[in-house]
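Visitor: One structure, as structure tokens, below. Some questions next.
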Amino acid sequence: MAEVKLGSRNIAYNMVAMSFLSSVFFKGYHVWIKRDRICQYADSLLKTQYLSPEAMAELRRKKLGELLCQAVTAVPYYRERFSGDPERLRKDPDLSQFGLLDKSIIRANYEALQHRDIAAMGAEKNSTSGSTGESLFFLISRKQHWMCDAEYFRSYSWIGTTPLVPQGTLWGARFDNLPETGFKGFMRDHFKPFYFFSSYDLTEEKLELICRTIREKKLEVFTSYPSPLEHLAKFVKTRGYNFPSLKGIITSSEQLFPYQREMFGQVFGCPVFNRYGSREFGFIAHECEKHEGLHISAEHVWVEILNDALQPCKPGEIGDLYITDLDNYAMPFIRYRIGDRASWKGIDCSCGRSLPLLEQIDGRSFELVRDRSGHAVSGTFWTLVTRFVAPEIIAFQLHQKTLDEAELLLVSPQKLSGPQEKLLQEKIVEKLPDLQISIRYVDEIPLTRSGKKRFVTSDLER
């Protein structure tokens, strides 16, 4: 076991967990085929996670200062709103001098928020509906993408495995894992086997296929939204299956409830790791092997939790999350209100890492929509189907009243045309043939107590 000395601390590398980074084939794929710096960043993150609190604070301060200086120098939106010496921000980065950012501001200032040298940053267009169902388009830099992947790689060492092992995911749409052909496809199939299952199609036949794949392909990691995973877990329990190859279950994109964590651990026979991320920032926070909270990706994001008076929350106090991306210069997100609520843990994790801990995330709680025949889809299905049928829809909410009846609330500048409404009904019937859907147009979607709109509300008992 190799050791690297950082200051007065010896860091024992888990060579089994991160062996893929030293693999000639895997590194060759990223360095020579994809030509990225993901492996380089991942190696660095394995070291920085054990920096002293003082050294971590200095690393973050420097990254924040450089970002703020670049923003007020090269981004029109921030340049127009800042008066003073930009170099001062590099030495003394002060976020309080910057206003807050939200989706409406980004939509209204899409061009002005872009860096003047954006072409050199390899920026890509991305989009999200978040947990509100409202679309947002933005740009992410090449470096931000690499850093997010590196953070993702590091998190697997916390599970005790690597991203290279056979794994599967039960997810809404295959946005980020499109099939690859040729040499890239060969490399992925042989050095990073991955199996995708759609949470929009949870028939008994598909659930059986998932279980068979986990067993026969000896999957070590399985990732899912909590709500469809709960559906799978109940199915597994009735069958009495066990999965000895699994080393970890990762839940993300929805709130993980305590009863779900307990159920998943018992049914799948392995630890459950909660992950928090978003389309805007990628990897934000993740549990380590101690399960004492979610470590934020401190080298990548600057997280603030503010109360209604926009003052920092004390540990244990729930407030709104504001996130600053330290790596995305292409379209800087500075003090961005992501729409979720959270609280700080307030104590250090016993794992010894200097990455701050979130105690909990209070948001993204979606529920499955089911019909009487046992068909089920996850909440994000409604995001994609409404976007597909009518991109002009501003927001929506599906309210399930019974196993036979549900109501779809739509906020839209105009009602759907006859063909659009027919197409919407057809797409829903494909997945939920025995559920009758009525459409009602409203001026707004009511907010939850946490200040968010829900994709799905349900009168059904759990």
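Chain labels run A, B, ... following the order of the structure tokens; each chain numbers its residues from 1, and ligands are numbered from 1 in the order shown.
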Hey, what does DSSP flag as helix (DSSP H, G or I) within range 200-340 of chain A? Can you give it to me as a count of residues only?
Guide: 38
Visitor: So, counting only C-alpha atoms, which residue among A:Trp171, A:Tyr50, A:Phe268, A:Tyr259 is closest to Leu246 in chain A?
Guide: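 Checking each candidate against Leu246 in chain A, we get A:Phe268 as the closest.
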Visitor: Once you count only C-alpha atoms, what closest atom pair and distance in Å to one decimal does each residue of range 301-419 of chain A within 12 Å of range 195-202 of chain A have, with rows by chain and rising residue number, as JSON lines?
Guide:
{"residue": "A:Glu367", "atom": "CA", "partner": "A:Ser199", "partner_atom": "CA", "distance": 11.7}
{"residue": "A:Leu368", "atom": "CA", "partner": "A:Ser199", "partner_atom": "CA", "distance": 9.4}
{"residue": "A:Val369", "atom": "CA", "partner": "A:Tyr200", "partner_atom": "CA", "distance": 9.8}
{"residue": "A:Arg370", "atom": "CA", "partner": "A:Leu202", "partner_atom": "CA", "distance": 9.7}
{"residue": "A:Asp371", "atom": "CA", "partner": "A:Leu202", "partner_atom": "CA", "distance": 11.4}
{"residue": "A:Ser373", "atom": "CA", "partner": "A:Leu202", "partner_atom": "CA", "distance": 11.5}
{"residue": "A:Gly374", "atom": "CA", "partner": "A:Leu202", "partner_atom": "CA", "distance": 8.5}
{"residue": "A:His375", "atom": "CA", "partner": "A:Leu202", "partner_atom": "CA", "distance": 6.3}
{"residue": "A:Ala376", "atom": "CA", "partner": "A:Leu202", "partner_atom": "CA", "distance": 5.5}
{"residue": "A:Val377", "atom": "CA", "partner": "A:Tyr200", "partner_atom": "CA", "distance": 4.3}
{"residue": "A:Ser378", "atom": "CA", "partner": "A:Ser199", "partner_atom": "CA", "distance": 5.8}
{"residue": "A:Gly379", "atom": "CA", "partner": "A:Tyr200", "partner_atom": "CA", "distance": 8.7}
{"residue": "A:Thr380", "atom": "CA", "partner": "A:Tyr200", "partner_atom": "CA", "distance": 8.5}
{"residue": "A:Phe381", "atom": "CA", "partner": "A:Tyr200", "partner_atom": "CA", "distance": 6.1}
{"residue": "A:Trp382", "atom": "CA", "partner": "A:Tyr200", "partner_atom": "CA", "distance": 9.6}
{"residue": "A:Thr383", "atom": "CA", "partner": "A:Tyr200", "partner_atom": "CA", "distance": 11.5}
{"residue": "A:Leu384", "atom": "CA", "partner": "A:Tyr200", "partner_atom": "CA", "distance": 10.4}
{"residue": "A:Val385", "atom": "CA", "partner": "A:Tyr200", "partner_atom": "CA", "distance": 10.6}
Visitor: Go ahead and save the residues from that selection, with C-alpha atoms, as a CSV table (one decimal), in the first residue's frame.
Guide:
chain,number,residue,atom,x,y,z
A,367,GLU,CA,-43.1,10.0,-5.6
A,368,LEU,CA,-43.9,7.3,-8.1
A,369,VAL,CA,-47.1,7.4,-10.1
A,370,ARG,CA,-48.8,4.0,-10.3
A,371,ASP,CA,-51.9,2.5,-11.9
A,373,SER,CA,-52.4,-2.8,-13.0
A,374,GLY,CA,-49.0,-2.3,-11.3
A,375,HIS,CA,-47.4,0.0,-13.9
A,376,ALA,CA,-45.3,2.7,-12.4
A,377,VAL,CA,-43.2,5.7,-13.5
A,378,SER,CA,-40.9,8.0,-11.5
A,379,GLY,CA,-41.7,11.7,-11.1
A,380,THR,CA,-39.2,13.0,-13.7
A,381,PHE,CA,-41.2,11.2,-16.4
A,382,TRP,CA,-43.6,14.1,-16.4
A,383,THR,CA,-40.8,16.6,-17.0
A,384,LEU,CA,-39.7,14.9,-20.2
A,385,VAL,CA,-43.1,14.1,-21.5
Visitor: Looking at only C-alpha atoms, which of A:Ile394, A:Ala123, A:Ile118, A:Cys288 is the one that sits closest to Ala74 in chain A?
Guide: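 Of A:Ile394, A:Ala123, A:Ile118, A:Cys288, the one nearest Ala74 in chain A is A:Ile118, counting only C-alpha atoms.
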Visitor: Which residue is closest to Arg279 in chain A? Choose from A:Ser83, A:Ser127, A:Thr48, A:Gln436 and count only C-alpha atoms.
Guide: A:Ser127
Visitor: Return the single residue from A:Pro193, A:Gly282, A:Gly99, A:Pro53 that is closest to Glu151 in chain A, with distances computed using only C-alpha atoms.
Guide: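 Between A:Pro193, A:Gly282, A:Gly99, A:Pro53, the residue approaching Glu151 in chain A most closely is A:Gly282.
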Visitor: Between A:Phe264, A:Leu321, A:Gly269, A:Ile249, which one has atoms that come closest to His231 in chain A, using only C-alpha atoms?
Guide: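 Closest residue, counting only C-alpha atoms: A:Phe264.
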Visitor: Might you pull out every residue within 8 Å of Arg107 in chain A, with only C-alpha atoms counted and same-chain residues fewer than 3 positions away left off, and present them as a ChimeraX atom specification?
Guide: /A:103-104,110,136-137
Visitor: Pick the closest to Leu100 in chain A from A:Leu424, A:Trp344, A:Gly316, A:Tyr78: which is it, counting only C-alpha atoms?
Guide: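 Ranked by minimum distance to Leu100 in chain A, first place goes to A:Tyr78.
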Visitor: With only C-alpha atoms as the counted atoms, please give the residues lying no more than 12 Å from Glu58 in chain A, apart from itself and same-chain residues fewer than 3 positions off, as a ChimeraX atom specification.
Guide: /A:48,51-55,61-65,91-93,298-299
Visitor: Dump C-alpha atoms for the selected residues as a PDB file, in the first residue's frame?
Guide:
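Listed below is the output, again39.pdb:
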ATOM      1  CA  THR A  48      -6.581  17.369  -1.121  1.00  0.00           C
ATOM      2  CA  LEU A  51      -5.548  18.646   3.721  1.00  0.00           C
ATOM      3  CA  SER A  52      -5.595  20.417   7.049  1.00  0.00           C
ATOM      4  CA  PRO A  53      -8.637  22.693   7.524  1.00  0.00           C
ATOM      5  CA  GLU A  54      -6.339  25.705   7.136  1.00  0.00           C
ATOM      6  CA  ALA A  55      -4.806  24.403   3.896  1.00  0.00           C
ATOM      7  CA  ARG A  61      -9.975  31.037  -1.096  1.00  0.00           C
ATOM      8  CA  LYS A  62      -7.559  31.159  -4.022  1.00  0.00           C
ATOM      9  CA  LYS A  63     -10.008  29.454  -6.381  1.00  0.00           C
ATOM     10  CA  LEU A  64     -12.832  31.761  -5.308  1.00  0.00           C
ATOM     11  CA  GLY A  65     -10.652  34.860  -5.716  1.00  0.00           C
ATOM     12  CA  LYS A  91      -6.518  38.773  -2.700  1.00  0.00           C
ATOM     13  CA  ASP A  92      -9.681  39.182  -0.641  1.00  0.00           C
ATOM     14  CA  PRO A  93     -12.613  37.350  -2.276  1.00  0.00           C
ATOM     15  CA  ALA A 298     -15.117  21.771  -1.394  1.00  0.00           C
ATOM     16  CA  GLU A 299     -12.499  21.977  -4.146  1.00  0.00           C
TER      17      GLU A 299
END
Visitor: Applying 10 Å and only C-alpha atoms, which residues near Leu294 in chain A remain after dropping the ones on its own chain fewer than 6 positions away? List them as an mmCIF file with N, CA and C atoms, in the first residue's frame.
Guide:
data_model
loop_
_atom_site.group_PDB
_atom_site.id
_atom_site.type_symbol
_atom_site.label_atom_id
_atom_site.label_comp_id
_atom_site.auth_asym_id
_atom_site.auth_seq_id
_atom_site.Cartn_x
_atom_site.Cartn_y
_atom_site.Cartn_z
ATOM 1 N N PHE A 273 -25.372 4.959 0.155
ATOM 2 C CA PHE A 273 -24.648 6.224 0.110
ATOM 3 C C PHE A 273 -25.517 7.270 -0.583
ATOM 4 N N ASN A 274 -25.773 8.357 0.113
ATOM 5 C CA ASN A 274 -26.583 9.419 -0.464
ATOM 6 C C ASN A 274 -25.690 10.417 -1.204
ATOM 7 N N ARG A 275 -26.106 10.824 -2.375
ATOM 8 C CA ARG A 275 -25.354 11.772 -3.198
ATOM 9 C C ARG A 275 -26.247 12.955 -3.540
ATOM 10 N N TYR A 276 -25.657 14.150 -3.573
ATOM 11 C CA TYR A 276 -26.401 15.341 -3.948
ATOM 12 C C TYR A 276 -25.705 16.032 -5.108
ATOM 13 N N ILE A 284 -22.028 17.691 -6.143
ATOM 14 C CA ILE A 284 -22.021 18.704 -5.081
ATOM 15 C C ILE A 284 -21.620 18.113 -3.732
ATOM 16 N N ALA A 285 -22.213 16.993 -3.345
ATOM 17 C CA ALA A 285 -21.908 16.408 -2.034
ATOM 18 C C ALA A 285 -22.202 14.914 -2.051
ATOM 19 N N HIS A 286 -21.529 14.179 -1.150
ATOM 20 C CA HIS A 286 -21.648 12.721 -1.135
ATOM 21 C C HIS A 286 -21.276 12.202 0.245
ATOM 22 N N GLU A 287 -21.938 11.142 0.658
ATOM 23 C CA GLU A 287 -21.587 10.486 1.919
ATOM 24 C C GLU A 287 -20.311 9.671 1.769
ATOM 25 N N CYS A 288 -19.519 9.626 2.819
ATOM 26 C CA CYS A 288 -18.365 8.729 2.845
ATOM 27 C C CYS A 288 -18.752 7.456 3.596
ATOM 28 N N TRP A 344 -26.137 22.621 7.856
ATOM 29 C CA TRP A 344 -24.770 22.176 8.131
ATOM 30 C C TRP A 344 -24.761 21.179 9.282
ATOM 31 N N LYS A 345 -23.825 20.247 9.213
ATOM 32 C CA LYS A 345 -23.661 19.278 10.294
ATOM 33 C C LYS A 345 -23.070 19.943 11.529
ATOM 34 N N CYS A 349 -16.277 15.096 10.369
ATOM 35 C CA CYS A 349 -16.539 13.672 10.173
ATOM 36 C C CYS A 349 -15.390 12.869 10.775
ATOM 37 N N LEU A 355 -13.351 17.986 4.255
ATOM 38 C CA LEU A 355 -14.457 18.465 3.433
ATOM 39 C C LEU A 355 -15.670 18.701 4.328
ATOM 40 N N PRO A 356 -16.228 19.923 4.341
ATOM 41 C CA PRO A 356 -17.357 20.244 5.227
ATOM 42 C C PRO A 356 -18.540 19.308 5.021
ATOM 43 N N LEU A 357 -19.350 19.160 6.071
ATOM 44 C CA LEU A 357 -20.468 18.224 6.053
ATOM 45 C C LEU A 357 -21.818 18.933 6.017
ATOM 46 N N LEU A 358 -22.683 18.497 5.099
ATOM 47 C CA LEU A 358 -24.085 18.852 5.147
ATOM 48 C C LEU A 358 -24.800 17.825 6.003
ATOM 49 N N GLU A 359 -25.678 18.287 6.872
ATOM 50 C CA GLU A 359 -26.418 17.353 7.725
ATOM 51 C C GLU A 359 -27.544 16.688 6.950
ATOM 52 N N GLN A 360 -28.277 17.478 6.173
ATOM 53 C CA GLN A 360 -29.376 16.925 5.397
ATOM 54 C C GLN A 360 -29.729 17.866 4.253
ATOM 55 N N ILE A 361 -30.380 17.299 3.245
ATOM 56 C CA ILE A 361 -30.930 18.062 2.139
ATOM 57 C C ILE A 361 -32.443 17.980 2.247
#
